[in-house]
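Source file: model.cif. Holds: mmCIF, C-alpha atoms.
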```cif
data_start
loop_
_atom_site.label_atom_id
_atom_site.label_comp_id
_atom_site.auth_asym_id
_atom_site.auth_seq_id
_atom_site.Cartn_x
_atom_site.Cartn_y
_atom_site.Cartn_z
CA LEU B 1 38.50 -61.18 -0.33
CA PRO B 2 37.90 -57.67 1.06
CA ILE B 3 40.58 -58.35 3.70
CA SER B 4 43.10 -59.12 0.95
CA PHE B 5 41.93 -56.17 -1.13
CA ALA B 6 42.27 -53.81 1.85
CA THR B 7 46.00 -54.63 2.00
CA LEU B 8 46.61 -53.32 -1.53
CA PRO B 9 48.26 -49.92 -1.84
CA VAL B 10 45.72 -47.11 -2.15
CA ASP B 11 47.56 -45.67 -5.15
CA LEU B 12 46.96 -48.91 -7.08
CA ALA B 13 44.11 -48.16 -9.46
CA ALA B 14 41.93 -51.07 -8.42
CA ARG B 15 38.36 -51.46 -7.33
CA LEU B 16 36.44 -54.47 -6.12
CA THR B 17 32.83 -55.48 -6.56
CA VAL B 18 31.62 -58.25 -4.27
CA ALA B 19 28.50 -59.69 -5.84
CA GLY B 20 26.26 -62.48 -4.66
CA GLN B 21 23.77 -63.39 -2.01
CA CYS B 22 25.00 -63.25 1.57
CA GLN B 23 22.57 -64.84 4.00
CA ASP B 24 24.86 -64.55 7.01
CA PRO B 25 24.18 -61.22 8.79
CA ALA B 26 27.47 -61.36 10.72
CA LEU B 27 29.46 -61.89 7.51
CA ALA B 28 27.53 -59.12 5.75
CA SER B 29 28.37 -56.78 8.64
CA ARG B 30 32.08 -57.66 8.45
CA LEU B 31 32.06 -57.12 4.69
CA GLN B 32 30.38 -53.72 5.09
CA SER B 33 32.97 -52.72 7.68
CA LEU B 34 35.86 -53.81 5.46
CA ALA B 35 34.35 -52.06 2.45
CA ALA B 36 34.02 -48.83 4.43
CA ARG B 37 37.74 -49.03 5.32
CA CYS B 38 38.63 -49.15 1.63
CA GLY B 39 37.42 -45.62 0.96
CA GLY B 40 34.93 -46.23 -1.82
CA ARG B 41 37.08 -48.72 -3.74
CA VAL B 42 34.77 -51.60 -2.78
CA VAL B 43 31.17 -51.98 -3.91
CA LEU B 44 29.00 -54.58 -2.20
CA ARG B 45 26.06 -56.27 -3.93
CA LEU B 46 25.18 -58.78 -1.23
CA GLU B 47 22.02 -60.01 -2.86
CA ARG B 48 21.23 -62.51 -5.57
CA VAL B 49 22.39 -61.04 -8.86
CA PRO B 50 19.49 -61.22 -11.34
CA ASP B 51 20.28 -63.09 -14.55
CA HIS B 52 19.98 -59.92 -16.64
CA ASP B 53 22.67 -58.22 -14.51
CA VAL B 54 25.30 -60.98 -14.76
CA ALA B 55 26.61 -60.14 -18.26
CA PRO B 56 27.00 -56.41 -17.53
CA LEU B 57 28.70 -57.24 -14.21
CA LEU B 58 31.20 -59.47 -15.99
CA ALA B 59 31.68 -56.95 -18.80
CA ASP B 60 32.62 -54.33 -16.21
CA ALA B 61 35.29 -56.58 -14.66
CA ASP B 62 38.89 -56.88 -15.81
CA VAL B 63 39.39 -59.99 -13.66
CA VAL B 64 37.05 -62.31 -11.75
CA VAL B 65 38.15 -63.53 -8.33
CA LEU B 66 36.60 -66.71 -6.94
CA PRO B 67 38.04 -67.18 -3.43
CA PHE B 68 36.61 -70.62 -2.77
CA ARG B 69 37.64 -72.49 0.36
CA GLN B 70 36.62 -75.80 -1.18
CA ILE B 71 34.97 -76.70 -4.45
CA THR B 72 34.55 -79.65 -6.76
CA THR B 73 33.55 -77.72 -9.89
CA SER B 74 32.54 -74.17 -10.69
CA GLY B 75 29.86 -72.87 -13.01
CA SER B 76 30.96 -69.37 -11.97
CA ALA B 77 34.45 -70.04 -13.32
CA MET B 78 33.07 -71.28 -16.64
CA LEU B 79 30.74 -68.29 -16.87
CA ALA B 80 33.64 -65.88 -16.31
CA LEU B 81 35.86 -67.72 -18.80
CA SER B 82 33.10 -67.68 -21.41
CA ALA B 83 32.91 -63.91 -20.93
CA GLY B 84 36.65 -63.81 -21.64
CA ARG B 85 37.60 -62.83 -18.12
CA PRO B 86 40.83 -63.94 -16.46
CA LEU B 87 40.40 -65.67 -13.12
CA ILE B 88 42.09 -65.57 -9.75
CA VAL B 89 41.31 -68.84 -7.96
CA PRO B 90 42.74 -70.83 -5.07
CA ASP B 91 44.94 -73.76 -5.98
CA LEU B 92 42.33 -76.47 -5.40
CA PRO B 93 42.02 -79.88 -7.09
CA GLY B 94 38.48 -79.08 -8.27
CA LEU B 95 39.82 -76.12 -10.28
CA ALA B 96 42.94 -77.84 -11.65
CA ASP B 97 41.43 -78.29 -15.12
CA LEU B 98 41.04 -74.55 -15.67
CA PRO B 99 43.46 -73.20 -18.30
CA ASP B 100 46.78 -71.97 -16.92
CA GLY B 101 46.91 -69.18 -19.50
CA ALA B 102 43.68 -67.66 -18.19
CA VAL B 103 44.07 -68.35 -14.48
CA LEU B 104 46.26 -67.05 -11.68
CA ARG B 105 46.25 -69.54 -8.81
CA TYR B 106 47.19 -68.74 -5.24
CA ALA B 107 47.82 -70.75 -2.09
CA ARG B 108 44.82 -70.42 0.22
CA THR B 109 46.12 -67.63 2.45
CA VAL B 110 45.27 -63.94 2.73
CA PRO B 111 48.83 -62.83 1.82
CA GLU B 112 48.83 -65.09 -1.27
CA LEU B 113 45.45 -63.75 -2.40
CA SER B 114 46.67 -60.20 -1.78
CA GLY B 115 49.71 -60.91 -3.94
CA ALA B 116 47.57 -62.33 -6.74
CA LEU B 117 45.26 -59.30 -6.60
CA ALA B 118 48.22 -56.91 -6.69
CA ARG B 119 49.83 -58.80 -9.57
CA LEU B 120 46.80 -58.58 -11.85
CA ALA B 121 45.72 -55.12 -10.67
CA SER B 122 49.12 -53.82 -11.77
CA ALA B 123 49.41 -55.99 -14.90
CA ASP B 124 49.67 -54.21 -18.21
CA GLY B 125 46.93 -54.46 -20.80
CA ASP B 126 48.84 -57.01 -22.88
CA VAL B 127 48.95 -59.50 -20.00
CA LEU B 128 45.22 -59.15 -19.32
CA ALA B 129 44.43 -59.34 -23.05
CA ALA B 130 46.41 -62.58 -23.38
CA MET B 131 44.65 -64.05 -20.35
CA SER B 132 41.27 -62.96 -21.74
CA ALA B 133 42.04 -64.59 -25.09
CA ALA B 134 43.04 -67.82 -23.32
CA ALA B 135 39.82 -67.72 -21.29
CA HIS B 136 37.66 -67.24 -24.37
CA GLU B 137 39.52 -69.91 -26.35
CA TYR B 138 39.08 -72.44 -23.54
CA ALA B 139 35.41 -71.70 -23.06
CA THR B 140 34.56 -71.89 -26.76
CA ALA B 141 36.38 -75.21 -27.16
CA ILE B 142 34.07 -76.93 -24.68
CA SER B 143 30.75 -78.18 -25.97
CA TRP B 144 27.62 -78.80 -23.94
CA ARG B 145 27.63 -82.33 -25.34
CA ALA B 146 31.11 -82.97 -23.92
CA ILE B 147 30.08 -81.50 -20.57
CA ALA B 148 26.95 -83.69 -20.53
CA GLU B 149 28.98 -86.80 -21.40
CA GLN B 150 31.51 -86.03 -18.69
CA THR B 151 28.73 -85.42 -16.15
CA MET B 152 26.99 -88.70 -17.01
CA THR B 153 30.26 -90.60 -16.78
CA ALA B 154 30.98 -89.05 -13.38
CA ILE B 155 27.49 -89.95 -12.16
CA LEU B 156 27.89 -93.53 -13.39
CA ALA B 157 31.31 -93.77 -11.79
CA ALA B 158 30.00 -92.47 -8.49
CA THR B 159 27.06 -94.85 -8.46
CA GLN B 160 29.07 -97.86 -9.63
CA GLY B 161 32.23 -97.18 -7.62
CA THR B 162 34.47 -96.67 -10.66
CA ARG B 163 36.75 -93.79 -11.49
CA THR B 164 36.76 -91.35 -14.41
CA ALA B 165 39.53 -89.76 -16.42
CA GLY B 166 39.62 -86.83 -18.79
CA MET B 167 39.24 -83.11 -18.97
CA PRO B 168 36.34 -81.01 -20.24
CA GLY B 169 36.08 -81.42 -23.98
CA GLU B 170 37.87 -84.80 -23.95
CA PRO B 171 36.14 -88.15 -24.20
CA VAL B 172 35.67 -89.62 -20.75
CA ALA B 173 35.14 -93.28 -19.95
CA ALA B 174 34.39 -95.19 -16.78
CA ARG B 175 37.01 -97.76 -15.93
#
```

Please rewrite the model in this file as structure tokens.
Amino acid sequence: LPISFATLPVDLAARLTVAGQCQDPALASRLQSLAARCGGRVVLRLERVPDHDVAPLLADADVVVLPFRQITTSGSAMLALSAGRPLIVPDLPGLADLPDGAVLRYARTVPELSGALARLASADGDVLAAMSAAAHEYATAISWRAIAEQTMTAILAATQGTRTAGMPGEPVAAR
């Protein structure tokens, strides 16, 4: 992510906060080096973010970027959507159910991520407001009961060798 961010024009009013635990010293060193090259536009919080800091961190963001390499599901995406934050995510099957109106997907390359960052960093307030509304609408339409039912169905399917169908908030049945 910092590599893609570093390619953005300096005159673009954008800043990046990288938050989350980094247990790899070599990666942390590379991130610190990249952040230093960005002239103060990148803030690193390479430690576990305490629960009480998550809401203010999300409130301070215009967009949440989740540059997964592979994923099957994402609590981080749901957390950001429930905070009404638009997402930039890679085009991965595990994220396909996220709402198009709230999500900007990119092919899994540095230039594609750079393009997605530039697009939303330069987007006008109306675009971000519409994406935020779509994020909030999606997140509030999903109930914990529906999530629990979908999870149980997926577990049963995995243990019984059957397949599941459905999206969050929809009834799901094992076949």

Quick one: which residues end up in the PyMOL selection byres ((chain B and resi 32) around 12) for this structure, as a ChimeraX atom specification?
-> /B:2-3,18,22,25-31,33-40,42-46

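Taking atom CA of Ala83 of chain B and atom CA of Ser114 of chain B as the two end points, the separation is 23.9 Å.
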
Kindly resolve the PyMOL selection byres ((chain B and resi 111) around 12) on the present coordinates and return the residues as number ranges by chain.
-> B: 1, 3-8, 106-110, 112-118

Pick from B:Gly84, B:Gly94, B:Pro50, B:Pro99: nearest to Leu128 of chain B, with only C-alpha atoms counted?
-> B:Gly84

How many Å separate atom CA of Val63 of chain B from atom CA of Arg119 of chain B?
-> 11.3 Å

Residue neighbourhood Gln70 of chain B, 12 Å, only C-alpha atoms, exclusion window fewer than 6 positions, as number ranges by chain = B: 89-95, 108

Any idea what the distance is between atom CA of Leu79 of chain B and atom CA of Gln23 of chain B?
->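 Those two atoms sit 22.7 Å apart.
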
Residues within 9 Å of Ala134 of chain B, only C-alpha atoms, excluding chain neighbours under 2 positions, as a list in words =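 Those residues are Leu81, Gly84, Pro86, Pro99, Asp100, Gly101, Ala102, Val103, Ala129, Ala130, Met131, Ser132, His136, Glu137, Tyr138 and Ala139 of chain B.
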
Go through B:Leu120, B:Ala135, B:Ala80, B:Leu104 one by one, measure the shortest atom-to-atom distance of each to Pro56 of chain B using all atoms listed in the file, and give the residue with the smallest value.
->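 Nearest to Pro56 of chain B: B:Ala80.
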